[in-house]
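Data block for input36.pdb (PDB, C-alpha atoms):
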ATOM      1  CA  MET A 117     128.021 120.628  57.415
ATOM      2  CA  ASN A 118     129.555 122.805  54.713
ATOM      3  CA  LYS A 119     126.451 123.318  52.607
ATOM      4  CA  THR A 120     123.790 125.916  51.949
ATOM      5  CA  ILE A 121     120.313 124.988  53.153
ATOM      6  CA  GLY A 122     117.337 126.698  51.581
ATOM      7  CA  PHE A 123     113.710 126.903  52.668
ATOM      8  CA  ILE A 124     110.897 127.865  50.350
ATOM      9  CA  GLY A 125     108.244 128.784  52.888
ATOM     10  CA  GLY A 126     108.922 130.366  56.250
ATOM     11  CA  GLY A 127     105.944 129.093  58.234
ATOM     12  CA  ASN A 128     105.883 127.329  61.598
ATOM     13  CA  MET A 129     107.441 124.094  60.358
ATOM     14  CA  GLY A 130     110.180 125.931  58.511
ATOM     15  CA  LYS A 131     110.990 127.993  61.601
ATOM     16  CA  ALA A 132     111.010 124.880  63.781
ATOM     17  CA  MET A 133     113.553 123.250  61.481
ATOM     18  CA  ILE A 134     115.722 126.370  61.284
ATOM     19  CA  GLY A 135     115.732 126.688  65.072
ATOM     20  CA  GLY A 136     116.689 123.045  65.514
ATOM     21  CA  ILE A 137     119.486 123.225  62.948
ATOM     22  CA  LEU A 138     120.996 126.323  64.541
ATOM     23  CA  ASN A 139     120.593 125.084  68.133
ATOM     24  CA  ALA A 140     122.452 121.914  67.170
ATOM     25  CA  ASN A 141     125.201 123.986  65.508
ATOM     26  CA  LEU A 142     124.866 121.948  62.317
ATOM     27  CA  ILE A 143     125.468 124.975  60.140
ATOM     28  CA  ALA A 144     126.100 128.719  60.442
ATOM     29  CA  PRO A 145     123.145 131.117  60.032
ATOM     30  CA  ASP A 146     124.686 132.662  56.913
ATOM     31  CA  HIS A 147     124.472 129.260  55.206
ATOM     32  CA  ILE A 148     120.676 129.221  55.499
ATOM     33  CA  ILE A 149     118.346 131.132  53.174
ATOM     34  CA  VAL A 150     114.564 131.433  53.509
ATOM     35  CA  ALA A 151     112.264 132.478  50.679
ATOM     36  CA  ASP A 152     108.711 133.659  51.352
ATOM     37  CA  LEU A 153     106.331 136.257  49.977
ATOM     38  CA  TYR A 154     105.369 137.469  53.464
ATOM     39  CA  GLU A 155     107.927 140.205  54.100
ATOM     40  CA  LYS A 156     107.014 140.799  57.743
ATOM     41  CA  GLY A 157     107.470 137.091  58.440
ATOM     42  CA  LEU A 158     110.860 137.156  56.703
ATOM     43  CA  GLN A 159     111.927 140.139  58.795
ATOM     44  CA  ASP A 160     110.994 138.294  61.979
ATOM     45  CA  ILE A 161     112.933 135.205  60.838
ATOM     46  CA  ASN A 162     115.995 137.307  60.031
ATOM     47  CA  GLU A 163     115.890 139.078  63.386
ATOM     48  CA  LYS A 164     115.396 135.873  65.361
ATOM     49  CA  TYR A 165     117.799 133.533  63.583
ATOM     50  CA  GLY A 166     120.190 135.787  61.633
ATOM     51  CA  VAL A 167     119.675 133.807  58.403
ATOM     52  CA  LYS A 168     119.443 135.184  54.878
ATOM     53  CA  VAL A 169     115.944 135.990  53.624
ATOM     54  CA  THR A 170     114.440 136.763  50.232
ATOM     55  CA  THR A 171     111.076 137.111  48.546
ATOM     56  CA  SER A 172     112.468 135.277  45.490
ATOM     57  CA  ASN A 173     112.130 131.493  45.342
ATOM     58  CA  THR A 174     114.607 131.350  42.482
ATOM     59  CA  GLU A 175     117.249 133.198  44.497
ATOM     60  CA  ALA A 176     117.032 130.530  47.207
ATOM     61  CA  ALA A 177     116.884 127.696  44.679
ATOM     62  CA  LYS A 178     120.023 128.770  42.822
ATOM     63  CA  ILE A 179     122.350 128.612  45.832
ATOM     64  CA  SER A 180     120.884 125.748  47.892
ATOM     65  CA  ASP A 181     122.564 122.362  48.210
ATOM     66  CA  ILE A 182     119.636 121.109  50.288
ATOM     67  CA  LEU A 183     116.279 122.702  49.488
ATOM     68  CA  PHE A 184     113.199 122.292  51.688
ATOM     69  CA  LEU A 185     109.807 122.769  50.068
ATOM     70  CA  SER A 186     108.000 123.855  53.232
ATOM     71  CA  VAL A 187     104.796 125.136  51.657
ATOM     72  CA  LYS A 188     101.258 123.753  51.574
ATOM     73  CA  PRO A 189     100.676 120.765  49.242
ATOM     74  CA  ASN A 190      98.476 122.794  46.873
ATOM     75  CA  LEU A 191     101.357 125.217  46.247
ATOM     76  CA  TYR A 192     103.863 122.566  45.171
ATOM     77  CA  PRO A 193     103.019 122.680  41.423
ATOM     78  CA  VAL A 194     103.482 126.438  41.068
ATOM     79  CA  VAL A 195     106.562 126.533  43.327
ATOM     80  CA  ILE A 196     108.283 123.691  41.479
ATOM     81  CA  GLU A 197     107.414 125.164  38.090
ATOM     82  CA  GLY A 198     109.126 128.389  39.128
ATOM     83  CA  ILE A 199     112.374 126.825  40.341
ATOM     84  CA  LYS A 200     112.870 123.617  38.336
ATOM     85  CA  ASN A 201     115.235 125.281  35.870
ATOM     86  CA  GLU A 202     117.121 127.191  38.585
ATOM     87  CA  ILE A 203     118.186 124.453  41.023
ATOM     88  CA  LYS A 204     121.680 122.969  41.197
ATOM     89  CA  GLU A 205     122.262 119.732  39.318
ATOM     90  CA  ASP A 206     122.973 117.732  42.495
ATOM     91  CA  VAL A 207     120.597 119.516  44.877
ATOM     92  CA  ILE A 208     118.691 117.433  47.430
ATOM     93  CA  ILE A 209     114.996 118.324  47.423
ATOM     94  CA  ILE A 210     113.198 117.764  50.738
ATOM     95  CA  THR A 211     109.410 117.557  50.553
ATOM     96  CA  ILE A 212     107.397 117.783  53.768
ATOM     97  CA  ALA A 213     103.817 117.781  52.459
ATOM     98  CA  ALA A 214     101.279 114.990  52.915
ATOM     99  CA  GLY A 215     100.373 113.033  49.813
ATOM    100  CA  LYS A 216     103.377 114.116  47.733
ATOM    101  CA  ALA A 217     104.897 110.922  46.332
ATOM    102  CA  ILE A 218     108.529 110.907  45.239
ATOM    103  CA  SER A 219     107.529 109.946  41.687
ATOM    104  CA  GLY A 220     105.208 112.951  41.529
ATOM    105  CA  THR A 221     107.961 115.293  42.685
ATOM    106  CA  GLU A 222     110.370 113.885  40.101
ATOM    107  CA  ALA A 223     107.739 114.282  37.401
ATOM    108  CA  ALA A 224     107.053 117.885  38.423
ATOM    109  CA  PHE A 225     110.758 118.728  38.116
ATOM    110  CA  GLY A 226     110.867 116.908  34.791
ATOM    111  CA  ARG A 227     113.923 114.811  35.575
ATOM    112  CA  LYS A 228     115.431 112.313  37.970
ATOM    113  CA  LEU A 229     116.914 114.192  40.922
ATOM    114  CA  LYS A 230     117.686 113.615  44.575
ATOM    115  CA  VAL A 231     114.462 113.671  46.580
ATOM    116  CA  VAL A 232     113.802 112.882  50.229
ATOM    117  CA  ARG A 233     110.149 112.686  51.150
ATOM    118  CA  VAL A 234     109.670 113.569  54.817
ATOM    119  CA  MET A 235     106.686 113.651  57.134
ATOM    120  CA  PRO A 236     107.518 115.709  60.247
ATOM    121  CA  ASN A 237     105.052 116.919  62.868
ATOM    122  CA  THR A 238     104.419 120.127  64.775
ATOM    123  CA  PRO A 239     106.030 119.090  68.109
ATOM    124  CA  ALA A 240     109.238 119.937  66.226
ATOM    125  CA  LEU A 241     108.439 123.470  67.427
ATOM    126  CA  VAL A 242     109.430 122.401  70.957
ATOM    127  CA  GLY A 243     112.231 120.036  69.950
ATOM    128  CA  GLU A 244     110.108 116.899  70.224
ATOM    129  CA  GLY A 245     109.216 116.214  66.620
ATOM    130  CA  MET A 246     108.907 112.802  64.993
ATOM    131  CA  SER A 247     109.921 112.626  61.350
ATOM    132  CA  ALA A 248     109.762 109.784  58.835
ATOM    133  CA  LEU A 249     112.217 109.980  55.927
ATOM    134  CA  CYS A 250     112.082 108.220  52.580
ATOM    135  CA  PRO A 251     114.926 108.932  50.117
ATOM    136  CA  ASN A 252     114.827 107.969  46.465
ATOM    137  CA  ASP A 253     117.499 105.715  44.992
ATOM    138  CA  VAL A 254     119.888 108.467  43.901
ATOM    139  CA  VAL A 255     120.388 109.918  47.388
ATOM    140  CA  THR A 256     123.615 108.493  48.806
ATOM    141  CA  LYS A 257     123.909 106.848  52.216
ATOM    142  CA  ALA A 258     126.065 109.737  53.450
ATOM    143  CA  GLU A 259     123.465 112.247  52.259
ATOM    144  CA  VAL A 260     120.690 110.327  54.016
ATOM    145  CA  GLU A 261     122.711 110.512  57.234
ATOM    146  CA  GLU A 262     123.075 114.274  56.766
ATOM    147  CA  ILE A 263     119.332 114.693  56.342
ATOM    148  CA  ILE A 264     118.652 112.489  59.381
ATOM    149  CA  SER A 265     120.984 114.688  61.454
ATOM    150  CA  ILE A 266     118.965 117.739  60.431
ATOM    151  CA  PHE A 267     115.674 116.223  61.557
ATOM    152  CA  GLU A 268     117.180 114.791  64.735
ATOM    153  CA  SER A 269     118.159 118.333  65.700
ATOM    154  CA  PHE A 270     114.505 118.947  66.648
ATOM    155  CA  GLY A 271     113.306 115.469  67.661
ATOM    156  CA  GLU A 272     113.529 111.907  66.426
ATOM    157  CA  ALA A 273     113.794 110.645  62.837
ATOM    158  CA  GLU A 274     113.621 107.265  61.137
ATOM    159  CA  VAL A 275     113.876 106.041  57.555
ATOM    160  CA  VAL A 276     110.782 104.176  56.344
ATOM    161  CA  PRO A 277     109.742 102.723  52.960
ATOM    162  CA  GLU A 278     107.505 105.017  50.950
ATOM    163  CA  LYS A 279     104.604 102.558  51.114
ATOM    164  CA  LEU A 280     104.320 103.394  54.843
ATOM    165  CA  MET A 281     104.232 107.170  54.436
ATOM    166  CA  ASP A 282     100.428 107.314  54.405
ATOM    167  CA  ALA A 283     100.357 105.391  57.691
ATOM    168  CA  VAL A 284     103.024 107.738  59.062
ATOM    169  CA  THR A 285     100.769 110.668  58.215
ATOM    170  CA  SER A 286      97.996 109.283  60.415
ATOM    171  CA  VAL A 287     100.123 107.986  63.311
ATOM    172  CA  SER A 288     102.559 110.905  63.482
ATOM    173  CA  GLY A 289     102.000 113.783  61.079
ATOM    174  CA  SER A 290      98.340 114.368  61.918
ATOM    175  CA  SER A 291      98.187 112.725  65.342
ATOM    176  CA  PRO A 292      99.113 115.779  67.443
ATOM    177  CA  ALA A 293      95.621 117.057  66.595
ATOM    178  CA  TYR A 294      94.035 113.949  68.130
ATOM    179  CA  VAL A 295      96.217 114.274  71.232
ATOM    180  CA  TYR A 296      95.272 117.934  71.644
ATOM    181  CA  MET A 297      91.602 116.942  71.474
ATOM    182  CA  PHE A 298      92.192 114.293  74.150
ATOM    183  CA  ILE A 299      93.964 116.817  76.400
ATOM    184  CA  GLU A 300      91.172 119.327  75.868
ATOM    185  CA  ALA A 301      88.522 116.721  76.706
ATOM    186  CA  MET A 302      90.323 115.685  79.902
ATOM    187  CA  ALA A 303      90.676 119.325  80.902
ATOM    188  CA  ASP A 304      86.972 119.945  80.215
ATOM    189  CA  ALA A 305      86.075 117.085  82.543
ATOM    190  CA  ALA A 306      88.347 118.464  85.248
ATOM    191  CA  VAL A 307      86.757 121.914  84.865
ATOM    192  CA  LEU A 308      83.334 120.278  85.142
ATOM    193  CA  ASP A 309      84.531 118.837  88.444
ATOM    194  CA  GLY A 310      85.612 122.282  89.669
ATOM    195  CA  MET A 311      89.260 122.654  88.627
ATOM    196  CA  PRO A 312      90.372 126.031  87.171
ATOM    197  CA  ARG A 313      90.885 125.869  83.393
ATOM    198  CA  ASN A 314      94.617 126.667  83.279
ATOM    199  CA  GLN A 315      95.362 124.167  86.022
ATOM    200  CA  ALA A 316      93.275 121.531  84.256
ATOM    201  CA  TYR A 317      95.269 121.948  81.030
ATOM    202  CA  LYS A 318      98.542 121.622  82.945
ATOM    203  CA  PHE A 319      97.489 118.433  84.737
ATOM    204  CA  ALA A 320      96.122 116.867  81.548
ATOM    205  CA  ALA A 321      99.083 117.825  79.344
ATOM    206  CA  GLN A 322     101.677 116.696  81.866
ATOM    207  CA  ALA A 323      99.879 113.357  82.237
ATOM    208  CA  VAL A 324     100.102 112.824  78.465
ATOM    209  CA  LEU A 325     103.746 113.922  78.367
ATOM    210  CA  GLY A 326     104.720 111.663  81.258
ATOM    211  CA  SER A 327     102.781 108.690  79.922
ATOM    212  CA  ALA A 328     104.422 109.005  76.502
ATOM    213  CA  LYS A 329     107.822 109.173  78.158
ATOM    214  CA  MET A 330     107.034 105.994  80.085
ATOM    215  CA  VAL A 331     106.285 104.161  76.828
ATOM    216  CA  LEU A 332     109.479 105.367  75.163
ATOM    217  CA  GLU A 333     111.865 104.949  78.075
ATOM    218  CA  THR A 334     110.645 101.715  79.684
ATOM    219  CA  GLY A 335     110.052  99.790  76.463
ATOM    220  CA  MET A 336     107.018  98.223  78.115
ATOM    221  CA  HIS A 337     103.814  97.478  76.206
ATOM    222  CA  PRO A 338     101.276 100.313  76.641
ATOM    223  CA  GLY A 339      98.740  97.745  77.836
ATOM    224  CA  ALA A 340     101.100  96.624  80.615
ATOM    225  CA  LEU A 341     101.649 100.220  81.692
ATOM    226  CA  LYS A 342      97.885 100.738  81.724
ATOM    227  CA  ASP A 343      97.460  97.640  83.922
ATOM    228  CA  MET A 344      99.960  99.078  86.431
ATOM    229  CA  VAL A 345      97.584 101.991  87.052
ATOM    230  CA  CYS A 346      94.413  99.897  87.301
ATOM    231  CA  SER A 347      93.833  98.658  90.852
ATOM    232  CA  PRO A 348      91.117  95.983  91.298
ATOM    233  CA  GLY A 349      87.766  97.645  91.784
ATOM    234  CA  GLY A 350      89.406 101.088  91.681
ATOM    235  CA  THR A 351      88.812 104.439  90.034
ATOM    236  CA  THR A 352      91.072 103.936  87.013
ATOM    237  CA  ILE A 353      89.575 100.619  85.872
ATOM    238  CA  GLU A 354      86.149 102.252  86.199
ATOM    239  CA  ALA A 355      87.273 105.000  83.803
ATOM    240  CA  VAL A 356      88.905 102.454  81.449
ATOM    241  CA  ALA A 357      85.686 100.421  81.341
ATOM    242  CA  THR A 358      83.715 103.533  80.387
ATOM    243  CA  LEU A 359      86.210 104.413  77.655
ATOM    244  CA  GLU A 360      85.847 100.896  76.245
ATOM    245  CA  GLU A 361      82.056 101.140  76.453
ATOM    246  CA  LYS A 362      82.113 104.456  74.568
ATOM    247  CA  GLY A 363      84.405 103.053  71.872
ATOM    248  CA  LEU A 364      87.618 105.025  72.380
ATOM    249  CA  ARG A 365      89.821 102.496  70.579
ATOM    250  CA  ASN A 366      87.432 102.098  67.662
ATOM    251  CA  ALA A 367      87.060 105.866  67.300
ATOM    252  CA  VAL A 368      90.849 106.362  67.203
ATOM    253  CA  ILE A 369      91.444 103.512  64.766
ATOM    254  CA  SER A 370      88.604 104.672  62.496
ATOM    255  CA  ALA A 371      89.896 108.254  62.524
ATOM    256  CA  MET A 372      93.414 107.167  61.656
ATOM    257  CA  ARG A 373      92.230 104.905  58.845
ATOM    258  CA  SER A 374      90.293 107.866  57.432
ATOM    259  CA  CYS A 375      93.448 109.956  57.637
ATOM    260  CA  THR A 376      95.489 107.276  55.847
ATOM    261  CA  LYS A 377      92.824 106.971  53.146
ATOM    262  CA  LYS A 378      92.844 110.729  52.563
ATOM    263  CA  SER A 379      96.642 110.750  52.328
ATOM    264  CA  LYS A 380      96.495 108.001  49.692
ATOM    265  CA  GLU A 381      93.886 109.944  47.728
ATOM    266  CA  MET A 382      96.090 113.033  47.787
ATOM    267  CA  SER A 383      98.954 110.998  46.320
ATOM    268  CA  LYS A 384      97.008 110.192  43.181
TER     269      LYS A 384
END

Mind turning the file's structure into structure tokens?
Amino acid sequence: MNKTIGFIGGGNMGKAMIGGILNANLIAPDHIIVADLYEKGLQDINEKYGVKVTTSNTEAAKISDILFLSVKPNLYPVVIEGIKNEIKEDVIIITIAAGKAISGTEAAFGRKLKVVRVMPNTPALVGEGMSALCPNDVVTKAEVEEIISIFESFGEAEVVPEKLMDAVTSVSGSSPAYVYMFIEAMADAAVLDGMPRNQAYKFAAQAVLGSAKMVLETGMHPGALKDMVCSPGGTTIEAVATLEEKGLRNAVISAMRSCTKKSKEMSK
């Protein structure tokens, strides 16, 4: 890829993406520039990845062919206001914040430009991210493929219609938090039964990792995989019955619907 990739914001997600891009040899380090106000963080990024760094958003904006806005949603207005007259005419803007509709991004820049709205998630930090991409109608097919290759360098990526992005936020963008809570709860129960804390976390986390891999690699319905573990009158079906009694499914569905609703509200 013979382009310059810029990042405004050098936080965890930005670093995850930079690491994935470089590990996949998609581009040389000197073709990546990161802008952030936190100078110590920039120094660490430079030392770890060998990329260019700057405290000036406009410096990054001027030279980037693909520009990631990897800052918190509330910072988008001020960041865009500062760079909208500095970006290249044909730059591709990548937004990765919840609730930021493509139309809103176009309006903030004050013109029609190439925008790809993306919802990644934090497992990108370990190369297992899941990203949903939604390009606007001026991004070419070849450019979409380039952006997909970037996000596939640290996990999986799929193109979805923008109307599904709020659902993506709840099922993928925010869902690692729910999974961490589930792992923590399982570990707490194991500790209650006498298992050392560190060992409990390992058993619980590996069970979640392995179970997820079973779903992805076998193609079997999760319910069928659950049934394979449940022997008649056994320990697992006893636990499953208690989870149903306590409303696990309803709690998860309700939480995710709340997440989707909040994402929609943020888009307004």

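A straight line drawn from atom CA of A:Leu185 to atom CA of A:Gly122 is 8.6 Å long.
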
Discussion item. At a cut-off of 12 Å, using all atoms listed in the file, what residues contact A:Ala177? Leave out same-chain residues fewer than 2 positions from it and give the result as a ChimeraX atom specification.
Written reply: /A:120-125,148-151,170-175,179-185,195-209

Evaluated on this file, the PyMOL selection byres ((chain A and resi 220) around 12) picks out some residues - which ones are they, written as a PDB file with C-alpha atoms, in the frame of the given file?
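Result file follows (result-v2.pdb):
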ATOM      1  CA  PRO A 189     100.676 120.765  49.242  1.00  0.00           C
ATOM      2  CA  TYR A 192     103.863 122.566  45.171  1.00  0.00           C
ATOM      3  CA  PRO A 193     103.019 122.680  41.423  1.00  0.00           C
ATOM      4  CA  ILE A 196     108.283 123.691  41.479  1.00  0.00           C
ATOM      5  CA  THR A 211     109.410 117.557  50.553  1.00  0.00           C
ATOM      6  CA  GLY A 215     100.373 113.033  49.813  1.00  0.00           C
ATOM      7  CA  LYS A 216     103.377 114.116  47.733  1.00  0.00           C
ATOM      8  CA  ALA A 217     104.897 110.922  46.332  1.00  0.00           C
ATOM      9  CA  ILE A 218     108.529 110.907  45.239  1.00  0.00           C
ATOM     10  CA  SER A 219     107.529 109.946  41.687  1.00  0.00           C
ATOM     11  CA  THR A 221     107.961 115.293  42.685  1.00  0.00           C
ATOM     12  CA  GLU A 222     110.370 113.885  40.101  1.00  0.00           C
ATOM     13  CA  ALA A 223     107.739 114.282  37.401  1.00  0.00           C
ATOM     14  CA  ALA A 224     107.053 117.885  38.423  1.00  0.00           C
ATOM     15  CA  PHE A 225     110.758 118.728  38.116  1.00  0.00           C
ATOM     16  CA  GLY A 226     110.867 116.908  34.791  1.00  0.00           C
ATOM     17  CA  ARG A 227     113.923 114.811  35.575  1.00  0.00           C
ATOM     18  CA  LYS A 228     115.431 112.313  37.970  1.00  0.00           C
ATOM     19  CA  LEU A 229     116.914 114.192  40.922  1.00  0.00           C
ATOM     20  CA  VAL A 231     114.462 113.671  46.580  1.00  0.00           C
ATOM     21  CA  ARG A 233     110.149 112.686  51.150  1.00  0.00           C
ATOM     22  CA  ASN A 252     114.827 107.969  46.465  1.00  0.00           C
ATOM     23  CA  MET A 382      96.090 113.033  47.787  1.00  0.00           C
ATOM     24  CA  SER A 383      98.954 110.998  46.320  1.00  0.00           C
ATOM     25  CA  LYS A 384      97.008 110.192  43.181  1.00  0.00           C
TER      26      LYS A 384
END

Fill in: Minimum-distance residue to A:Lys188, chosen among A:Met330, A:Met129, A:Ala140, A:Ala323 (using all atoms listed in the file)
A:Met129

Worksheet entry | Residue nearest A:Asp343 - candidates A:Gly166, A:Val356, A:Asp160, A:Gly130, atoms counted: only C-alpha atoms | A:Val356

Practice prompt. Rounded to one decimal place, report the atom CA of A:Ile263-atom CA of A:Thr376 distance in Å.
Written response: 25.0 Å
